[in-house]
Every structure is written in C-alpha cells, then in structure tokens.
file input_24.pdb (PDB, C-alpha atoms, pLDDT in the B column)
ATOM      1  CA  MET L 182      77.320  64.266  22.700  1.00 54.00           C
ATOM      2  CA  LYS L 183      75.345  61.770  20.597  1.00 58.00           C
ATOM      3  CA  LEU L 184      71.556  61.484  20.951  1.00 56.00           C
ATOM      4  CA  GLN L 185      71.716  57.969  22.412  1.00 63.00           C
ATOM      5  CA  GLU L 186      74.273  59.110  24.981  1.00 62.00           C
ATOM      6  CA  LEU L 187      71.978  61.982  25.996  1.00 55.00           C
ATOM      7  CA  LEU L 188      69.024  59.620  26.346  1.00 53.00           C
ATOM      8  CA  ASP L 189      71.067  57.150  28.381  1.00 62.00           C
ATOM      9  CA  LYS L 190      72.253  59.966  30.651  1.00 61.00           C
ATOM     10  CA  GLU L 191      68.670  61.174  31.210  1.00 57.00           C
ATOM     11  CA  ILE L 192      67.408  57.671  31.967  1.00 52.00           C
ATOM     12  CA  ASP L 193      70.301  56.994  34.363  1.00 60.00           C
ATOM     13  CA  ALA L 194      69.495  60.265  36.173  1.00 56.00           C
ATOM     14  CA  ILE L 195      65.893  59.140  36.682  1.00 54.00           C
ATOM     15  CA  GLY L 196      67.036  55.761  37.958  1.00 57.00           C
ATOM     16  CA  ASP L 197      64.299  53.655  39.551  1.00 59.00           C
ATOM     17  CA  ASN L 198      62.085  56.624  40.402  1.00 58.00           C
ATOM     18  CA  HIS L 199      58.497  56.004  39.340  1.00 56.00           C
ATOM     19  CA  VAL L 200      57.939  59.076  37.213  1.00 55.00           C
ATOM     20  CA  GLY L 201      54.556  59.467  35.546  1.00 54.00           C
ATOM     21  CA  SER L 202      53.200  61.880  32.986  1.00 56.00           C
ATOM     22  CA  ASN L 203      51.022  64.785  34.119  1.00 61.00           C
ATOM     23  CA  SER L 204      48.096  63.588  32.029  1.00 79.00           C
ATOM     24  CA  GLU L 205      45.245  61.361  33.136  1.00 91.00           C
ATOM     25  CA  GLU L 206      45.426  59.820  29.671  1.00 94.00           C
ATOM     26  CA  THR L 207      47.693  56.893  28.865  1.00 96.00           C
ATOM     27  CA  PRO L 208      50.613  58.218  26.766  1.00 95.00           C
ATOM     28  CA  ILE L 209      49.867  56.774  23.316  1.00 96.00           C
ATOM     29  CA  LYS L 210      51.601  58.091  20.214  1.00 95.00           C
ATOM     30  CA  LYS L 211      49.852  59.319  17.089  1.00 95.00           C
ATOM     31  CA  GLY L 212      49.266  56.603  14.524  1.00 95.00           C
ATOM     32  CA  ALA L 213      49.421  53.900  17.170  1.00 95.00           C
ATOM     33  CA  PHE L 214      46.642  51.915  15.504  1.00 96.00           C
ATOM     34  CA  ASP L 215      47.706  52.303  11.881  1.00 96.00           C
ATOM     35  CA  ILE L 216      49.413  48.899  12.042  1.00 96.00           C
ATOM     36  CA  PRO L 217      46.974  45.936  12.131  1.00 96.00           C
ATOM     37  CA  ASP L 218      47.197  43.638  15.159  1.00 97.00           C
ATOM     38  CA  LYS L 219      48.388  40.733  13.034  1.00 97.00           C
ATOM     39  CA  GLU L 220      51.329  42.775  11.781  1.00 98.00           C
ATOM     40  CA  LYS L 221      52.096  44.036  15.280  1.00 98.00           C
ATOM     41  CA  ILE L 222      52.317  40.444  16.491  1.00 98.00           C
ATOM     42  CA  SER L 223      54.838  39.584  13.769  1.00 98.00           C
ATOM     43  CA  LEU L 224      56.960  42.652  14.494  1.00 98.00           C
ATOM     44  CA  ILE L 225      56.947  42.088  18.261  1.00 98.00           C
ATOM     45  CA  GLN L 226      57.776  38.417  17.728  1.00 98.00           C
ATOM     46  CA  GLU L 227      60.959  39.427  15.907  1.00 98.00           C
ATOM     47  CA  LYS L 228      61.959  41.815  18.707  1.00 98.00           C
ATOM     48  CA  VAL L 229      61.317  39.278  21.462  1.00 98.00           C
ATOM     49  CA  TYR L 230      63.423  36.753  19.526  1.00 98.00           C
ATOM     50  CA  GLU L 231      66.251  39.317  19.343  1.00 98.00           C
ATOM     51  CA  ILE L 232      66.051  40.079  23.080  1.00 98.00           C
ATOM     52  CA  LEU L 233      66.196  36.417  24.089  1.00 98.00           C
ATOM     53  CA  ASP L 234      68.967  35.766  21.596  1.00 98.00           C
ATOM     54  CA  ILE L 235      71.022  38.672  22.984  1.00 98.00           C
ATOM     55  CA  LEU L 236      70.496  37.308  26.495  1.00 98.00           C
ATOM     56  CA  GLY L 237      72.039  34.054  25.307  1.00 98.00           C
ATOM     57  CA  MET L 238      69.025  31.766  25.196  1.00 98.00           C
ATOM     58  CA  ASP L 239      69.053  28.834  22.763  1.00 98.00           C
ATOM     59  CA  LEU L 240      65.925  29.498  20.729  1.00 98.00           C
ATOM     60  CA  THR L 241      66.233  26.190  18.879  1.00 97.00           C
ATOM     61  CA  ASP L 242      65.297  24.407  22.100  1.00 97.00           C
ATOM     62  CA  ASP L 243      61.781  22.946  22.038  1.00 97.00           C
ATOM     63  CA  SER L 244      60.855  24.818  25.212  1.00 97.00           C
ATOM     64  CA  LEU L 245      61.840  28.217  23.792  1.00 97.00           C
ATOM     65  CA  LYS L 246      61.192  28.136  20.063  1.00 96.00           C
ATOM     66  CA  GLY L 247      57.560  29.179  20.461  1.00 97.00           C
ATOM     67  CA  THR L 248      58.194  31.795  23.144  1.00 98.00           C
ATOM     68  CA  PRO L 249      58.605  34.887  20.906  1.00 98.00           C
ATOM     69  CA  ARG L 250      55.278  34.201  19.196  1.00 98.00           C
ATOM     70  CA  ARG L 251      53.477  33.465  22.453  1.00 98.00           C
ATOM     71  CA  VAL L 252      54.776  36.661  24.052  1.00 98.00           C
ATOM     72  CA  ALA L 253      53.826  38.766  21.017  1.00 98.00           C
ATOM     73  CA  LYS L 254      50.268  37.391  20.970  1.00 98.00           C
ATOM     74  CA  MET L 255      49.964  37.900  24.723  1.00 98.00           C
ATOM     75  CA  PHE L 256      51.077  41.531  24.430  1.00 98.00           C
ATOM     76  CA  VAL L 257      48.658  42.424  21.635  1.00 98.00           C
ATOM     77  CA  ASN L 258      45.628  40.259  22.449  1.00 98.00           C
ATOM     78  CA  GLU L 259      45.738  40.086  26.227  1.00 98.00           C
ATOM     79  CA  ILE L 260      47.798  42.079  28.710  1.00 98.00           C
ATOM     80  CA  PHE L 261      48.084  45.214  26.527  1.00 98.00           C
ATOM     81  CA  SER L 262      44.778  44.930  24.673  1.00 98.00           C
ATOM     82  CA  GLY L 263      43.424  47.929  26.591  1.00 98.00           C
ATOM     83  CA  ILE L 264      45.708  50.245  24.613  1.00 97.00           C
ATOM     84  CA  ASN L 265      43.430  49.909  21.594  1.00 97.00           C
ATOM     85  CA  PRO L 266      40.108  51.794  21.934  1.00 96.00           C
ATOM     86  CA  LYS L 267      38.390  49.208  19.732  1.00 96.00           C
ATOM     87  CA  ASN L 268      38.514  46.901  22.766  1.00 97.00           C
ATOM     88  CA  LYS L 269      36.724  49.328  25.053  1.00 97.00           C
ATOM     89  CA  PRO L 270      33.516  47.771  26.422  1.00 96.00           C
ATOM     90  CA  GLU L 271      30.214  49.422  25.650  1.00 94.00           C
ATOM     91  CA  MET L 272      28.802  51.228  28.662  1.00 90.00           C
ATOM     92  CA  SER L 273      25.053  50.897  28.155  1.00 89.00           C
ATOM     93  CA  THR L 274      23.083  52.399  31.033  1.00 93.00           C
ATOM     94  CA  PHE L 275      19.514  51.893  32.166  1.00 93.00           C
ATOM     95  CA  GLU L 276      16.963  54.025  33.921  1.00 94.00           C
ATOM     96  CA  ASN L 277      16.969  53.632  37.690  1.00 93.00           C
ATOM     97  CA  LYS L 278      13.309  52.596  37.754  1.00 91.00           C
ATOM     98  CA  TYR L 279      13.477  51.188  41.276  1.00 89.00           C
ATOM     99  CA  ASN L 280      14.707  54.566  42.605  1.00 91.00           C
ATOM    100  CA  TYR L 281      17.649  53.101  44.486  1.00 92.00           C
ATOM    101  CA  GLY L 282      19.307  56.158  46.017  1.00 92.00           C
ATOM    102  CA  GLU L 283      22.097  54.697  48.159  1.00 94.00           C
ATOM    103  CA  MET L 284      25.610  53.874  47.009  1.00 96.00           C
ATOM    104  CA  LEU L 285      26.188  50.752  44.980  1.00 97.00           C
ATOM    105  CA  VAL L 286      29.519  49.072  45.699  1.00 97.00           C
ATOM    106  CA  GLU L 287      31.266  46.516  43.517  1.00 97.00           C
ATOM    107  CA  LYS L 288      34.116  45.261  45.690  1.00 96.00           C
ATOM    108  CA  ASN L 289      36.994  42.811  45.299  1.00 96.00           C
ATOM    109  CA  ILE L 290      37.273  43.158  41.521  1.00 98.00           C
ATOM    110  CA  THR L 291      40.326  41.121  40.554  1.00 97.00           C
ATOM    111  CA  LEU L 292      42.852  43.358  38.850  1.00 97.00           C
ATOM    112  CA  TYR L 293      45.804  42.405  36.661  1.00 98.00           C
ATOM    113  CA  SER L 294      47.847  45.176  35.109  1.00 98.00           C
ATOM    114  CA  THR L 295      51.435  45.883  34.071  1.00 98.00           C
ATOM    115  CA  CYS L 296      53.743  48.509  35.521  1.00 97.00           C
ATOM    116  CA  GLU L 297      54.830  50.781  32.681  1.00 97.00           C
ATOM    117  CA  HIS L 298      58.250  51.379  34.278  1.00 96.00           C
ATOM    118  CA  HIS L 299      59.518  47.791  34.328  1.00 96.00           C
ATOM    119  CA  LEU L 300      56.782  45.871  32.460  1.00 97.00           C
ATOM    120  CA  LEU L 301      56.192  43.675  35.480  1.00 97.00           C
ATOM    121  CA  PRO L 302      52.763  42.625  36.797  1.00 97.00           C
ATOM    122  CA  ILE L 303      50.512  44.600  39.114  1.00 98.00           C
ATOM    123  CA  VAL L 304      48.084  42.281  40.911  1.00 98.00           C
ATOM    124  CA  GLY L 305      45.369  43.349  43.294  1.00 97.00           C
ATOM    125  CA  LEU L 306      41.781  44.293  43.955  1.00 97.00           C
ATOM    126  CA  ALA L 307      39.681  47.247  42.824  1.00 98.00           C
ATOM    127  CA  HIS L 308      36.657  48.512  44.735  1.00 98.00           C
ATOM    128  CA  VAL L 309      34.221  50.784  42.893  1.00 98.00           C
ATOM    129  CA  ALA L 310      31.130  52.639  44.065  1.00 98.00           C
ATOM    130  CA  TYR L 311      28.626  55.075  42.614  1.00 98.00           C
ATOM    131  CA  ILE L 312      25.380  56.806  43.510  1.00 98.00           C
ATOM    132  CA  SER L 313      22.800  56.849  40.741  1.00 96.00           C
ATOM    133  CA  ASN L 314      21.790  60.155  39.200  1.00 95.00           C
ATOM    134  CA  GLY L 315      18.910  58.488  37.374  1.00 95.00           C
ATOM    135  CA  ASN L 316      20.941  55.855  35.510  1.00 93.00           C
ATOM    136  CA  VAL L 317      22.461  52.520  36.475  1.00 95.00           C
ATOM    137  CA  VAL L 318      24.938  50.279  34.714  1.00 95.00           C
ATOM    138  CA  GLY L 319      25.151  46.478  34.572  1.00 93.00           C
ATOM    139  CA  LEU L 320      27.412  45.158  37.308  1.00 93.00           C
ATOM    140  CA  SER L 321      29.661  43.251  34.914  1.00 95.00           C
ATOM    141  CA  LYS L 322      30.336  46.506  33.015  1.00 97.00           C
ATOM    142  CA  ILE L 323      32.158  47.857  36.061  1.00 98.00           C
ATOM    143  CA  ASN L 324      34.448  44.822  36.050  1.00 98.00           C
ATOM    144  CA  ARG L 325      34.989  45.197  32.312  1.00 98.00           C
ATOM    145  CA  ILE L 326      35.936  48.865  32.615  1.00 98.00           C
ATOM    146  CA  VAL L 327      38.455  48.007  35.335  1.00 98.00           C
ATOM    147  CA  ARG L 328      39.937  45.307  33.112  1.00 98.00           C
ATOM    148  CA  TYR L 329      40.012  47.525  30.014  1.00 98.00           C
ATOM    149  CA  PHE L 330      42.036  50.283  31.662  1.00 98.00           C
ATOM    150  CA  ALA L 331      44.210  47.751  33.510  1.00 98.00           C
ATOM    151  CA  GLU L 332      45.218  45.916  30.332  1.00 98.00           C
ATOM    152  CA  ARG L 333      47.891  48.378  29.238  1.00 98.00           C
ATOM    153  CA  PRO L 334      51.204  49.598  30.627  1.00 98.00           C
ATOM    154  CA  GLN L 335      49.958  51.494  33.657  1.00 98.00           C
ATOM    155  CA  VAL L 336      50.615  53.624  36.696  1.00 97.00           C
ATOM    156  CA  GLN L 337      48.253  52.736  39.548  1.00 98.00           C
ATOM    157  CA  GLU L 338      47.382  56.364  40.265  1.00 98.00           C
ATOM    158  CA  ARG L 339      46.368  56.947  36.646  1.00 98.00           C
ATOM    159  CA  LEU L 340      44.442  53.684  36.492  1.00 98.00           C
ATOM    160  CA  THR L 341      42.375  54.671  39.534  1.00 98.00           C
ATOM    161  CA  ILE L 342      41.499  58.039  38.009  1.00 98.00           C
ATOM    162  CA  GLN L 343      40.682  56.571  34.580  1.00 98.00           C
ATOM    163  CA  ILE L 344      38.177  54.120  36.057  1.00 98.00           C
ATOM    164  CA  VAL L 345      36.383  56.898  37.938  1.00 98.00           C
ATOM    165  CA  ARG L 346      36.350  59.308  34.988  1.00 98.00           C
ATOM    166  CA  GLU L 347      34.916  56.696  32.621  1.00 97.00           C
ATOM    167  CA  LEU L 348      32.110  55.763  34.996  1.00 98.00           C
ATOM    168  CA  GLN L 349      31.343  59.408  35.709  1.00 98.00           C
ATOM    169  CA  LYS L 350      30.948  59.991  32.003  1.00 97.00           C
ATOM    170  CA  ALA L 351      28.828  56.883  31.426  1.00 96.00           C
ATOM    171  CA  LEU L 352      26.549  57.464  34.417  1.00 97.00           C
ATOM    172  CA  ASN L 353      26.385  61.251  34.027  1.00 96.00           C
ATOM    173  CA  THR L 354      27.277  61.818  37.674  1.00 97.00           C
ATOM    174  CA  ASP L 355      30.314  62.931  39.672  1.00 98.00           C
ATOM    175  CA  ASP L 356      29.366  60.556  42.489  1.00 98.00           C
ATOM    176  CA  VAL L 357      31.823  57.757  41.723  1.00 98.00           C
ATOM    177  CA  ALA L 358      34.679  56.387  43.838  1.00 98.00           C
ATOM    178  CA  CYS L 359      37.425  53.826  43.354  1.00 98.00           C
ATOM    179  CA  VAL L 360      40.048  52.321  45.662  1.00 98.00           C
ATOM    180  CA  ILE L 361      42.754  49.964  44.408  1.00 98.00           C
ATOM    181  CA  ASP L 362      44.965  47.820  46.648  1.00 97.00           C
ATOM    182  CA  ALA L 363      47.657  46.066  44.628  1.00 97.00           C
ATOM    183  CA  LYS L 364      51.052  44.433  44.747  1.00 97.00           C
ATOM    184  CA  HIS L 365      53.685  45.585  42.250  1.00 96.00           C
ATOM    185  CA  LEU L 366      56.173  42.943  41.216  1.00 94.00           C
ATOM    186  CA  CYS L 367      58.664  45.689  40.370  1.00 93.00           C
ATOM    187  CA  VAL L 368      58.787  46.161  44.157  1.00 91.00           C
ATOM    188  CA  ASN L 369      58.140  42.562  45.216  1.00 91.00           C
ATOM    189  CA  SER L 370      60.471  40.662  42.863  1.00 93.00           C
ATOM    190  CA  ARG L 371      63.256  43.133  42.030  1.00 92.00           C
ATOM    191  CA  GLY L 372      64.931  46.170  43.544  1.00 90.00           C
ATOM    192  CA  ILE L 373      63.976  46.269  47.231  1.00 91.00           C
ATOM    193  CA  LYS L 374      62.291  42.817  46.926  1.00 92.00           C
ATOM    194  CA  ASP L 375      59.662  43.585  49.553  1.00 91.00           C
ATOM    195  CA  ILE L 376      57.044  40.865  49.181  1.00 90.00           C
ATOM    196  CA  SER L 377      54.769  42.081  51.989  1.00 91.00           C
ATOM    197  CA  SER L 378      53.973  45.646  50.894  1.00 92.00           C
ATOM    198  CA  SER L 379      51.090  46.724  48.689  1.00 95.00           C
ATOM    199  CA  THR L 380      50.057  50.063  47.206  1.00 96.00           C
ATOM    200  CA  VAL L 381      46.694  51.711  47.876  1.00 96.00           C
ATOM    201  CA  THR L 382      45.305  54.488  45.671  1.00 97.00           C
ATOM    202  CA  SER L 383      41.933  56.202  45.732  1.00 97.00           C
ATOM    203  CA  GLU L 384      39.847  58.664  43.756  1.00 98.00           C
ATOM    204  CA  PHE L 385      36.676  60.155  45.255  1.00 98.00           C
ATOM    205  CA  GLY L 386      34.269  62.184  43.148  1.00 98.00           C
ATOM    206  CA  GLY L 387      31.228  64.279  44.003  1.00 98.00           C
ATOM    207  CA  LYS L 388      29.461  63.261  47.215  1.00 97.00           C
ATOM    208  CA  PHE L 389      32.221  60.735  47.996  1.00 98.00           C
ATOM    209  CA  LYS L 390      34.491  63.649  48.910  1.00 97.00           C
ATOM    210  CA  LYS L 391      32.349  64.151  52.017  1.00 97.00           C
ATOM    211  CA  GLU L 392      33.935  62.432  54.994  1.00 96.00           C
ATOM    212  CA  LYS L 393      30.768  60.600  56.114  1.00 96.00           C
ATOM    213  CA  LEU L 394      30.130  58.981  52.722  1.00 96.00           C
ATOM    214  CA  LYS L 395      33.813  58.285  52.146  1.00 96.00           C
ATOM    215  CA  ARG L 396      33.996  56.489  55.494  1.00 95.00           C
ATOM    216  CA  GLU L 397      30.860  54.470  54.684  1.00 96.00           C
ATOM    217  CA  PHE L 398      32.430  53.297  51.419  1.00 97.00           C
ATOM    218  CA  LEU L 399      35.711  52.377  53.103  1.00 95.00           C
ATOM    219  CA  ASP L 400      33.812  50.501  55.820  1.00 95.00           C
ATOM    220  CA  TYR L 401      32.032  48.498  53.133  1.00 94.00           C
ATOM    221  CA  ILE L 402      35.218  47.339  51.449  1.00 93.00           C
ATOM    222  CA  LYS L 403      37.232  46.668  54.638  1.00 83.00           C
ATOM    223  CA  LEU L 404      40.623  46.772  52.917  1.00 52.00           C
ATOM    224  CA  GLU L 405      42.498  45.126  55.754  1.00 52.00           C
ATOM    225  CA  SER L 406      40.684  41.805  55.245  1.00 42.00           C
ATOM    226  CA  ASP L 407      41.005  41.535  51.460  1.00 42.00           C
ATOM    227  CA  LEU L 408      44.684  40.962  50.690  1.00 42.00           C
ATOM    228  CA  LYS L 409      47.065  38.648  52.494  1.00 44.00           C
TER     229      LYS L 409
END

call {"tool": "encode", "arguments": {"input": "input_24.pdb", "output": "structure tokens"}}
result
Amino acid sequence: MKLQELLDKEIDAIGDNHVGSNSEETPIKKGAFDIPDKEKISLIQEKVYEILDILGMDLTDDSLKGTPRRVAKMFVNEIFSGINPKNKPEMSTFENKYNYGEMLVEKNITLYSTCEHHLLPIVGLAHVAYISNGNVVGLSKINRIVRYFAERPQVQERLTIQIVRELQKALNTDDVACVIDAKHLCVNSRGIKDISSSTVTSEFGGKFKKEKLKREFLDYIKLESDLK
C-alpha cells in the first residue's frame, strides 16, 4: 500500500475525533522559523490560490483576486502569529510593594483562536487569576499572554494550560488559575451544527487547587452571565 493511501486510511479512522498530542507544547517542527515571514507569505499565497482554483473559484474576479494574498498575510501576521516565539510579549514583573495578598482576577479577556483540527475559529472569554508571591505583572500583560498563545492552531485544553504555565514561570509562583469558556465553530458551523453549546476548560495551580479558593475564583467570574 502506498504511503498516501496509508495516511488517508489513518486519517479516515480518526474521523472527526478531536485528538490532541500528549504534550503541553504546541507541535512545531524543527526549522519552523528558518523561512522569513515575507517568504512564508508568498508560499502560502500560492497554496491558497491553488486551493481556491481547485474548488472552482474564478480568481480573475475583482472580489477574489486579492484573496490569496490577504489570507496568507492574515495567517502569518495575525491569527497564527503566536507560532513564532519572536512575537511573545515580554513578561516584566514588579515587586509587590503594596503587599496585596489576595487573588487578583483578570476576567472576561476576549479570546480569538483557531481550532487545529479544522482551522475554524474559537471565540470566547478567558478568566485568569493569581496570588502574588512577591511579584506582580502589569494587567495588560495577562491579556497579551492569552492572545499570544491563542494566535496559533490550538486545542482549548492545551491553551488553558499554556497560559497558566507561562504566568507561573513569570511570577515565580504556582498560584495561578485560568478558565476559558469558548464557542468552537467546528461544532457550531459544521458537523453537528450546534450553535448553543460552548466548551469550558480550567487549570488550577497551587493554592487554587483548594476547594475554598477555587470556589471564590469561580464566584468572581460568574461564568453563567458572561456568554449568551
């Protein structure tokens, strides 16, 4: 049996199951950043043109002729920019001089990501909390970290873990938590086409594993009132 036939058979066996890797790291191949972004855009533009052409679209039409380029630039510079570590925001921390010892919660962080199984949007809200171990981080940095890890082909479970791990490392504390409530268009717009469901994932580190503190955090964010 030819290699392509074996691959097709394996993919067909998986079907629509959402299978993820065992690693908390995004699966990125070696040498992924050897090609400059400008060259990547040109190469992706060619592939997008081929896909649309195979589908039967008339790419001489004024409405479509710029689409391959626009999609390529969007992939590299926007929705998949989080693949490249050069785009990772700096996580400068500051001494907690005011000795604030309670949890800090940044809730309702708008989240846009892309499902790595169908390359369709994930749209929702992230809620992040931490307890200072002597350091604090600027509030906007939390939003930027959420966006950085969201802007790549993703699995929501992995995304939740990555946000927590990065903040734990930056703040030098295990006491970090994250809850994400999001809609997946691979569920909402294709397949089962269920427009009302959303997916909730959570990761609780350190003191947030204790039921009392976990409940306090969840009471703060009040998930049921955030998404319609």

call {"tool": "closest_residue", "arguments": {"input": "input_24.pdb", "among": "L:Asn316, L:Asn280, L:Thr295, L:Ser244", "to": "L:Lys350", "atoms": "only C-alpha atoms"}}
result
L:Asn316

call {"tool": "closest_residue", "arguments": {"input": "input_24.pdb", "among": "L:Asn369, L:Asn265, L:Thr380, L:Gln349", "to": "L:Ile216", "atoms": "all atoms listed in the file"}}
result
L:Asn265

call {"tool": "resolve_selection", "arguments": {"input": "input_24.pdb", "expression": "the PyMOL selection byres ((chain L and resi 318) around 9)", "output": "PDB file with C-alpha atoms, in the coordinates of the input"}}
result
ATOM      1  CA  MET L 272      28.802  51.228  28.662  1.00 90.00           C
ATOM      2  CA  SER L 273      25.053  50.897  28.155  1.00 89.00           C
ATOM      3  CA  THR L 274      23.083  52.399  31.033  1.00 93.00           C
ATOM      4  CA  PHE L 275      19.514  51.893  32.166  1.00 93.00           C
ATOM      5  CA  GLU L 276      16.963  54.025  33.921  1.00 94.00           C
ATOM      6  CA  ASN L 316      20.941  55.855  35.510  1.00 93.00           C
ATOM      7  CA  VAL L 317      22.461  52.520  36.475  1.00 95.00           C
ATOM      8  CA  GLY L 319      25.151  46.478  34.572  1.00 93.00           C
ATOM      9  CA  LEU L 320      27.412  45.158  37.308  1.00 93.00           C
ATOM     10  CA  SER L 321      29.661  43.251  34.914  1.00 95.00           C
ATOM     11  CA  LYS L 322      30.336  46.506  33.015  1.00 97.00           C
ATOM     12  CA  ILE L 323      32.158  47.857  36.061  1.00 98.00           C
ATOM     13  CA  ALA L 351      28.828  56.883  31.426  1.00 96.00           C
ATOM     14  CA  LEU L 352      26.549  57.464  34.417  1.00 97.00           C
TER      15      LEU L 352
END

call {"tool": "atom_distance", "arguments": {"input": "input_24.pdb", "atom1": "atom CA of L:Gln335", "atom2": "atom CA of L:Ser294"}}
result
6.8 Å

call {"tool": "resolve_selection", "arguments": {"input": "input_24.pdb", "expression": "the PyMOL selection byres ((chain L and resi 364) around 9)", "output": "list in words"}}
result
Pro302, Ile303, Val304, Gly305, Asp362, Ala363, His365, Leu366, Cys367, Val368, Asn369, Ile376, Ser377, Ser378, Ser379 and Thr380 of chain L

call {"tool": "residues_around", "arguments": {"input": "input_24.pdb", "residues": "L:Glu384", "least_positions_apart": "3", "cutoff": "9 Å", "atoms": "only C-alpha atoms", "output": "number ranges by chain"}}
result
L: 338, 341-342, 345, 357-360, 389-390

call {"tool": "resolve_selection", "arguments": {"input": "input_24.pdb", "expression": "the PyMOL selection byres ((chain L and resi 297) around 9)", "output": "list in words"}}
result
Thr295, Cys296, His298, His299, Leu300, Leu301, Arg333, Pro334, Gln335 and Val336 of chain L

call {"tool": "atom_distance", "arguments": {"input": "input_24.pdb", "atom1": "atom CA of L:Lys393", "atom2": "atom CA of L:Glu347"}}
result
24.2 Å

call {"tool": "build_atoms", "arguments": {"input": "input_24.pdb", "residues": "stretch 213-233 of chain L", "atoms": "N, CA and C atoms", "output": "PDB file, in the frame of the given file"}}
result
ATOM      1  N   ALA L 213      49.168  55.151  16.449  1.00 95.00           N
ATOM      2  CA  ALA L 213      49.421  53.900  17.170  1.00 95.00           C
ATOM      3  C   ALA L 213      48.635  52.721  16.617  1.00 95.00           C
ATOM      4  N   PHE L 214      47.513  53.003  15.957  1.00 96.00           N
ATOM      5  CA  PHE L 214      46.642  51.915  15.504  1.00 96.00           C
ATOM      6  C   PHE L 214      46.602  51.803  13.985  1.00 96.00           C
ATOM      7  N   ASP L 215      47.603  52.414  13.337  1.00 96.00           N
ATOM      8  CA  ASP L 215      47.706  52.303  11.881  1.00 96.00           C
ATOM      9  C   ASP L 215      48.168  50.904  11.455  1.00 96.00           C
ATOM     10  N   ILE L 216      48.914  50.248  12.333  1.00 96.00           N
ATOM     11  CA  ILE L 216      49.413  48.899  12.042  1.00 96.00           C
ATOM     12  C   ILE L 216      48.392  47.877  12.541  1.00 96.00           C
ATOM     13  N   PRO L 217      47.931  46.963  11.694  1.00 96.00           N
ATOM     14  CA  PRO L 217      46.974  45.936  12.131  1.00 96.00           C
ATOM     15  C   PRO L 217      47.583  45.043  13.222  1.00 96.00           C
ATOM     16  N   ASP L 218      46.726  44.485  14.059  1.00 97.00           N
ATOM     17  CA  ASP L 218      47.197  43.638  15.159  1.00 97.00           C
ATOM     18  C   ASP L 218      48.040  42.468  14.668  1.00 97.00           C
ATOM     19  N   LYS L 219      47.655  41.876  13.559  1.00 97.00           N
ATOM     20  CA  LYS L 219      48.388  40.733  13.034  1.00 97.00           C
ATOM     21  C   LYS L 219      49.832  41.118  12.702  1.00 97.00           C
ATOM     22  N   GLU L 220      49.985  42.302  12.118  1.00 98.00           N
ATOM     23  CA  GLU L 220      51.329  42.775  11.781  1.00 98.00           C
ATOM     24  C   GLU L 220      52.117  43.135  13.035  1.00 98.00           C
ATOM     25  N   LYS L 221      51.437  43.713  14.018  1.00 98.00           N
ATOM     26  CA  LYS L 221      52.096  44.036  15.280  1.00 98.00           C
ATOM     27  C   LYS L 221      52.655  42.775  15.938  1.00 98.00           C
ATOM     28  N   ILE L 222      51.874  41.700  15.895  1.00 98.00           N
ATOM     29  CA  ILE L 222      52.317  40.444  16.491  1.00 98.00           C
ATOM     30  C   ILE L 222      53.599  39.952  15.812  1.00 98.00           C
ATOM     31  N   SER L 223      53.642  40.029  14.504  1.00 98.00           N
ATOM     32  CA  SER L 223      54.838  39.584  13.769  1.00 98.00           C
ATOM     33  C   SER L 223      56.054  40.441  14.112  1.00 98.00           C
ATOM     34  N   LEU L 224      55.851  41.752  14.188  1.00 98.00           N
ATOM     35  CA  LEU L 224      56.960  42.652  14.494  1.00 98.00           C
ATOM     36  C   LEU L 224      57.469  42.448  15.916  1.00 98.00           C
ATOM     37  N   ILE L 225      56.546  42.304  16.870  1.00 98.00           N
ATOM     38  CA  ILE L 225      56.947  42.088  18.261  1.00 98.00           C
ATOM     39  C   ILE L 225      57.637  40.741  18.406  1.00 98.00           C
ATOM     40  N   GLN L 226      57.152  39.734  17.689  1.00 98.00           N
ATOM     41  CA  GLN L 226      57.776  38.417  17.728  1.00 98.00           C
ATOM     42  C   GLN L 226      59.259  38.500  17.363  1.00 98.00           C
ATOM     43  N   GLU L 227      59.563  39.268  16.334  1.00 98.00           N
ATOM     44  CA  GLU L 227      60.959  39.427  15.907  1.00 98.00           C
ATOM     45  C   GLU L 227      61.794  40.079  17.015  1.00 98.00           C
ATOM     46  N   LYS L 228      61.217  41.104  17.671  1.00 98.00           N
ATOM     47  CA  LYS L 228      61.959  41.815  18.707  1.00 98.00           C
ATOM     48  C   LYS L 228      62.179  40.940  19.933  1.00 98.00           C
ATOM     49  N   VAL L 229      61.176  40.169  20.312  1.00 98.00           N
ATOM     50  CA  VAL L 229      61.317  39.278  21.462  1.00 98.00           C
ATOM     51  C   VAL L 229      62.393  38.221  21.170  1.00 98.00           C
ATOM     52  N   TYR L 230      62.391  37.719  19.936  1.00 98.00           N
ATOM     53  CA  TYR L 230      63.423  36.753  19.526  1.00 98.00           C
ATOM     54  C   TYR L 230      64.808  37.386  19.706  1.00 98.00           C
ATOM     55  N   GLU L 231      64.961  38.631  19.248  1.00 98.00           N
ATOM     56  CA  GLU L 231      66.251  39.317  19.343  1.00 98.00           C
ATOM     57  C   GLU L 231      66.678  39.491  20.795  1.00 98.00           C
ATOM     58  N   ILE L 232      65.726  39.871  21.662  1.00 98.00           N
ATOM     59  CA  ILE L 232      66.051  40.079  23.080  1.00 98.00           C
ATOM     60  C   ILE L 232      66.542  38.780  23.712  1.00 98.00           C
ATOM     61  N   LEU L 233      65.807  37.708  23.504  1.00 98.00           N
ATOM     62  CA  LEU L 233      66.196  36.417  24.089  1.00 98.00           C
ATOM     63  C   LEU L 233      67.513  35.918  23.521  1.00 98.00           C
TER      64      LEU L 233
END
